[in-house]
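Worksheet: the structure to be examined is printed underneath.
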There are 2 protein chains.
Amino acid sequence: MDEVFKALADASRRSLLDRLHARNGQTLNELCEGLAMTRQAVTKHLAILEQANLVTTIRHGREKLHYLNPVPIHQIGERWIKKFERGKLAALGELKRQLEKRDE
Amino acid sequence: MDEVFKALADASRRSLLDRLHARNGQTLNELCEGLAMTRQAVTKHLAILEQANLVTTIRHGREKLHYLNPVPIHQIGERWIKKFERGKLAALGELKRQLEKRDE
DNA sequence: TTGACAGGCAACCATTTGGTTGCCTATTAT
DNA sequence: ATAATAGGCAACCAAATGGTTGCCTGTCAA
């Protein structure tokens, strides 16, 4: 899980996920197009995403296809959000109320 | 939004959020208790969480109370997850199917 | 079979990050 | 008034991070 958060921390990597979301199964070179980054930089980002299990790859001949894996992101929603979500809006509302009481 | 992801990338900071979730409105020194870190390190983490709007603080006399703000985390769930969630399980299932076809 | 294309590996570099220590300020309690 | 308490600021440091360049390997097409 730690790896997922670290992987998502970088904007370049998030945009790579965006690209894969737009069109799944792209090759490395396709993912490089239009980016102000060398191919090797992208390779590193993809490796990090792969290790975090956010991207799955498959070799097909000399090409490596990249597929988005939505499961870990979904798990954040399941574990983290849910954890803090109880009393979602209530938190801020109650916060204000408590402080008003405290500072009287 | 970038700040939120960066703030969540660190395990120490996530555990600070856990602590605040367990008991909201703690002071800096309370949050330091039992951690293998100096007070100043915790201060820095809290500053980052504050900048990401994940923690709201209020001065009360010489104390600074820290409150968890669940809204940005909730927004991840709203924006990111939703974005990739379409065809949640479908993605992996379809992935396998496509590859089986491709590699025949 | 040979060149072009897709990708991998490794060394290197600058900046960011997570942490430290040391000292300063403000508030509270004795 | 003064000591203890709660927190802030700044300089500094080591390690991690995001990026580069250079070169190597494997696969496909002419």
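Identifiers for the structure tokens are assigned positionally: chains receive A, B, ... in sequence, residues are indexed from 1 per chain, and ligands are indexed from 1 in the order shown.
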Find the residues of chain B that sit at most 10 Å from chain C; for each, write down the nearest two atoms and how far apart they are in Å, to one decimal. Count only C-alpha atoms (C1' of nucleotides). Sort by chain, then by number going up, and give it as JSON lines.
```
{"residue": "B:Asp10", "atom": "CA", "partner": "C:DG18", "partner_atom": "C1'", "distance": 9.5}
{"residue": "B:Ser12", "atom": "CA", "partner": "C:DG18", "partner_atom": "C1'", "distance": 9.9}
{"residue": "B:Met37", "atom": "CA", "partner": "C:DG19", "partner_atom": "C1'", "distance": 8.1}
{"residue": "B:Thr38", "atom": "CA", "partner": "C:DT20", "partner_atom": "C1'", "distance": 8.1}
{"residue": "B:Gln40", "atom": "CA", "partner": "C:DT20", "partner_atom": "C1'", "distance": 8.8}
{"residue": "B:Ala41", "atom": "CA", "partner": "C:DG19", "partner_atom": "C1'", "distance": 6.4}
{"residue": "B:Val42", "atom": "CA", "partner": "C:DG19", "partner_atom": "C1'", "distance": 9.8}
{"residue": "B:Lys44", "atom": "CA", "partner": "C:DG18", "partner_atom": "C1'", "distance": 9.0}
{"residue": "B:His45", "atom": "CA", "partner": "C:DG18", "partner_atom": "C1'", "distance": 9.0}
{"residue": "B:Gly61", "atom": "CA", "partner": "C:DT27", "partner_atom": "C1'", "distance": 6.7}
{"residue": "B:Arg62", "atom": "CA", "partner": "C:DT27", "partner_atom": "C1'", "distance": 5.2}
{"residue": "B:Glu63", "atom": "CA", "partner": "C:DT27", "partner_atom": "C1'", "distance": 8.8}
```
Atoms to include: C-alpha atoms. Write the selected residues as a PDB file, in the first residue's frame.
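Writing done, so here's again-v1.pdb:
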```
ATOM      1  CA  ASP B  10       4.716   9.456   3.571  1.00  0.00           C
ATOM      2  CA  SER B  12       4.663   8.926   9.075  1.00  0.00           C
ATOM      3  CA  MET B  37      10.945  11.214  15.904  1.00  0.00           C
ATOM      4  CA  THR B  38      11.773  14.608  17.284  1.00  0.00           C
ATOM      5  CA  GLN B  40      10.468  19.278  15.050  1.00  0.00           C
ATOM      6  CA  ALA B  41      10.131  16.432  12.586  1.00  0.00           C
ATOM      7  CA  VAL B  42       6.492  16.052  13.545  1.00  0.00           C
ATOM      8  CA  LYS B  44       7.268  19.602   9.625  1.00  0.00           C
ATOM      9  CA  HIS B  45       4.957  16.708   8.801  1.00  0.00           C
ATOM     10  CA  GLY B  61      -3.701  29.826  24.229  1.00  0.00           C
ATOM     11  CA  ARG B  62      -0.240  28.365  23.923  1.00  0.00           C
ATOM     12  CA  GLU B  63      -1.599  25.163  22.481  1.00  0.00           C
TER      13      GLU B  63
END
```
Which residues of chain D come within 9 Å of chain A, and what is each one's closest atom pair and distance in Å (one decimal), counting only C-alpha atoms (C1' of nucleotides), sorted by chain and residue number, as a Markdown table?
```
| residue | atom | partner | partner_atom | distance |
| --- | --- | --- | --- | --- |
| D:DG18 | C1' | A:Ala41 | CA | 7.7 |
| D:DG19 | C1' | A:Ala41 | CA | 6.5 |
| D:DT20 | C1' | A:Thr38 | CA | 8.1 |
| D:DG26 | C1' | A:Arg62 | CA | 7.2 |
| D:DT27 | C1' | A:Arg62 | CA | 5.3 |
| D:DC28 | C1' | A:Arg62 | CA | 8.0 |
```
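The interatomic distance for the pair CA of Lys64 (chain B) and CA of Thr27 (chain B) works out to 5.5 Å.
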Inset, instruction - Measuring atom to atom with only C-alpha atoms, identify which of A:His21, A:Arg39, A:Arg13, A:Arg59 is nearest to chain B. - result: A:His21
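Reported to one decimal place, the separation of CA of Gln26 (chain B) from CA of Val55 (chain B) is 11.1 Å.
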Legend entry - Filtered DSSP result for region 1-88 of chain B, state strand (DSSP E or B), as JSON, numbers by chain: {"B": [26, 55, 56, 57, 58, 59, 60, 63, 64, 65, 66, 67, 68]}
Those same residues - all heavy atoms - I'd like them written as a compact mmCIF listing (two decimals), in the first residue's frame.
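again_3.txt, freshly written:
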```
# COMPACT_ATOMS: atom_id res chain seq x y z
N GLN B 26 -5.82 17.02 18.73
CA GLN B 26 -4.67 16.85 19.60
C GLN B 26 -3.64 17.96 19.40
O GLN B 26 -3.58 18.59 18.35
CB GLN B 26 -4.00 15.50 19.32
CG GLN B 26 -4.85 14.30 19.70
CD GLN B 26 -4.08 12.99 19.56
OE1 GLN B 26 -3.11 12.77 20.25
NE2 GLN B 26 -4.53 12.15 18.65
N VAL B 55 -5.22 18.73 7.33
CA VAL B 55 -5.29 19.01 8.76
C VAL B 55 -5.56 20.49 8.93
O VAL B 55 -4.98 21.32 8.23
CB VAL B 55 -3.97 18.62 9.46
CG1 VAL B 55 -3.86 19.30 10.82
CG2 VAL B 55 -3.87 17.11 9.62
N THR B 56 -6.47 20.80 9.83
CA THR B 56 -6.77 22.19 10.16
C THR B 56 -6.32 22.43 11.59
O THR B 56 -6.50 21.57 12.44
CB THR B 56 -8.28 22.46 10.07
OG1 THR B 56 -8.76 21.94 8.84
CG2 THR B 56 -8.58 23.93 10.15
N THR B 57 -5.73 23.59 11.84
CA THR B 57 -5.25 23.87 13.20
C THR B 57 -5.90 25.11 13.76
O THR B 57 -6.38 25.97 13.02
CB THR B 57 -3.73 24.09 13.21
OG1 THR B 57 -3.44 25.21 12.42
CG2 THR B 57 -3.01 22.87 12.69
N ILE B 58 -5.88 25.13 15.07
CA ILE B 58 -6.46 26.27 15.77
C ILE B 58 -5.60 26.53 17.00
O ILE B 58 -5.29 25.60 17.75
CB ILE B 58 -7.92 25.93 16.18
CG1 ILE B 58 -8.90 26.59 15.22
CG2 ILE B 58 -8.25 26.36 17.58
CD1 ILE B 58 -9.05 28.08 15.37
N ARG B 59 -5.18 27.78 17.16
CA ARG B 59 -4.43 28.13 18.36
C ARG B 59 -5.42 28.38 19.49
O ARG B 59 -6.43 29.07 19.31
CB ARG B 59 -3.61 29.41 18.13
CG ARG B 59 -2.46 29.24 17.20
CD ARG B 59 -1.51 28.15 17.65
NE ARG B 59 -0.80 28.45 18.86
CZ ARG B 59 0.43 28.94 18.90
NH1 ARG B 59 1.07 29.19 17.78
NH2 ARG B 59 1.03 29.17 20.05
N HIS B 60 -5.11 27.78 20.62
CA HIS B 60 -5.93 28.00 21.80
C HIS B 60 -4.96 28.22 22.95
O HIS B 60 -4.42 27.27 23.49
CB HIS B 60 -6.84 26.79 22.06
CG HIS B 60 -7.89 27.04 23.08
ND1 HIS B 60 -7.82 26.53 24.36
CD2 HIS B 60 -9.02 27.79 23.03
CE1 HIS B 60 -8.88 26.94 25.04
NE2 HIS B 60 -9.62 27.70 24.27
N GLU B 63 -1.46 26.45 23.15
CA GLU B 63 -1.60 25.16 22.48
C GLU B 63 -2.09 25.33 21.05
O GLU B 63 -2.79 26.29 20.74
CB GLU B 63 -2.59 24.28 23.25
CG GLU B 63 -2.10 23.87 24.62
CD GLU B 63 -3.10 22.94 25.31
OE1 GLU B 63 -4.31 23.05 25.00
OE2 GLU B 63 -2.68 22.12 26.14
N LYS B 64 -1.73 24.37 20.22
CA LYS B 64 -2.22 24.37 18.84
C LYS B 64 -2.95 23.04 18.64
O LYS B 64 -2.32 21.98 18.67
CB LYS B 64 -1.03 24.48 17.88
CG LYS B 64 -1.44 24.74 16.45
CD LYS B 64 -0.22 24.90 15.56
CE LYS B 64 -0.60 25.34 14.16
NZ LYS B 64 0.59 25.41 13.28
N LEU B 65 -4.23 23.11 18.44
CA LEU B 65 -5.03 21.91 18.27
C LEU B 65 -5.07 21.52 16.81
O LEU B 65 -5.22 22.36 15.93
CB LEU B 65 -6.47 22.12 18.77
CG LEU B 65 -6.74 22.26 20.27
CD1 LEU B 65 -6.17 21.07 21.03
CD2 LEU B 65 -6.21 23.56 20.82
N HIS B 66 -4.94 20.21 16.55
CA HIS B 66 -4.93 19.71 15.17
C HIS B 66 -6.17 18.88 14.88
O HIS B 66 -6.47 17.94 15.63
CB HIS B 66 -3.68 18.87 14.94
CG HIS B 66 -2.41 19.65 15.07
ND1 HIS B 66 -1.86 19.98 16.27
CD2 HIS B 66 -1.60 20.18 14.13
CE1 HIS B 66 -0.75 20.68 16.08
NE2 HIS B 66 -0.57 20.81 14.78
N TYR B 67 -6.83 19.24 13.82
CA TYR B 67 -8.05 18.55 13.43
C TYR B 67 -7.91 17.96 12.04
O TYR B 67 -7.38 18.61 11.12
CB TYR B 67 -9.25 19.50 13.46
CG TYR B 67 -9.60 19.96 14.85
CD1 TYR B 67 -8.98 21.08 15.41
CD2 TYR B 67 -10.52 19.26 15.63
CE1 TYR B 67 -9.28 21.50 16.69
CE2 TYR B 67 -10.83 19.67 16.90
CZ TYR B 67 -10.21 20.80 17.44
OH TYR B 67 -10.52 21.19 18.70
N LEU B 68 -8.39 16.75 11.91
CA LEU B 68 -8.36 16.09 10.61
C LEU B 68 -9.42 16.68 9.70
O LEU B 68 -10.56 16.88 10.11
CB LEU B 68 -8.65 14.60 10.81
CG LEU B 68 -8.68 13.76 9.54
CD1 LEU B 68 -7.31 13.23 9.25
CD2 LEU B 68 -9.66 12.63 9.69
```
Legend entry - Contacts of Leu8 (chain B) at 12 Å (only C-alpha atoms (C1' of nucleotides); same-chain gap of 6+ positions) as number ranges by chain: A: 1-10, 76, 80; B: 1-2, 14-18, 45-46, 48-55, 72-73, 76
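Taking CA of Arg19 (chain B) and CA of Leu31 (chain B) as the two end points, the separation is 7.3 Å.
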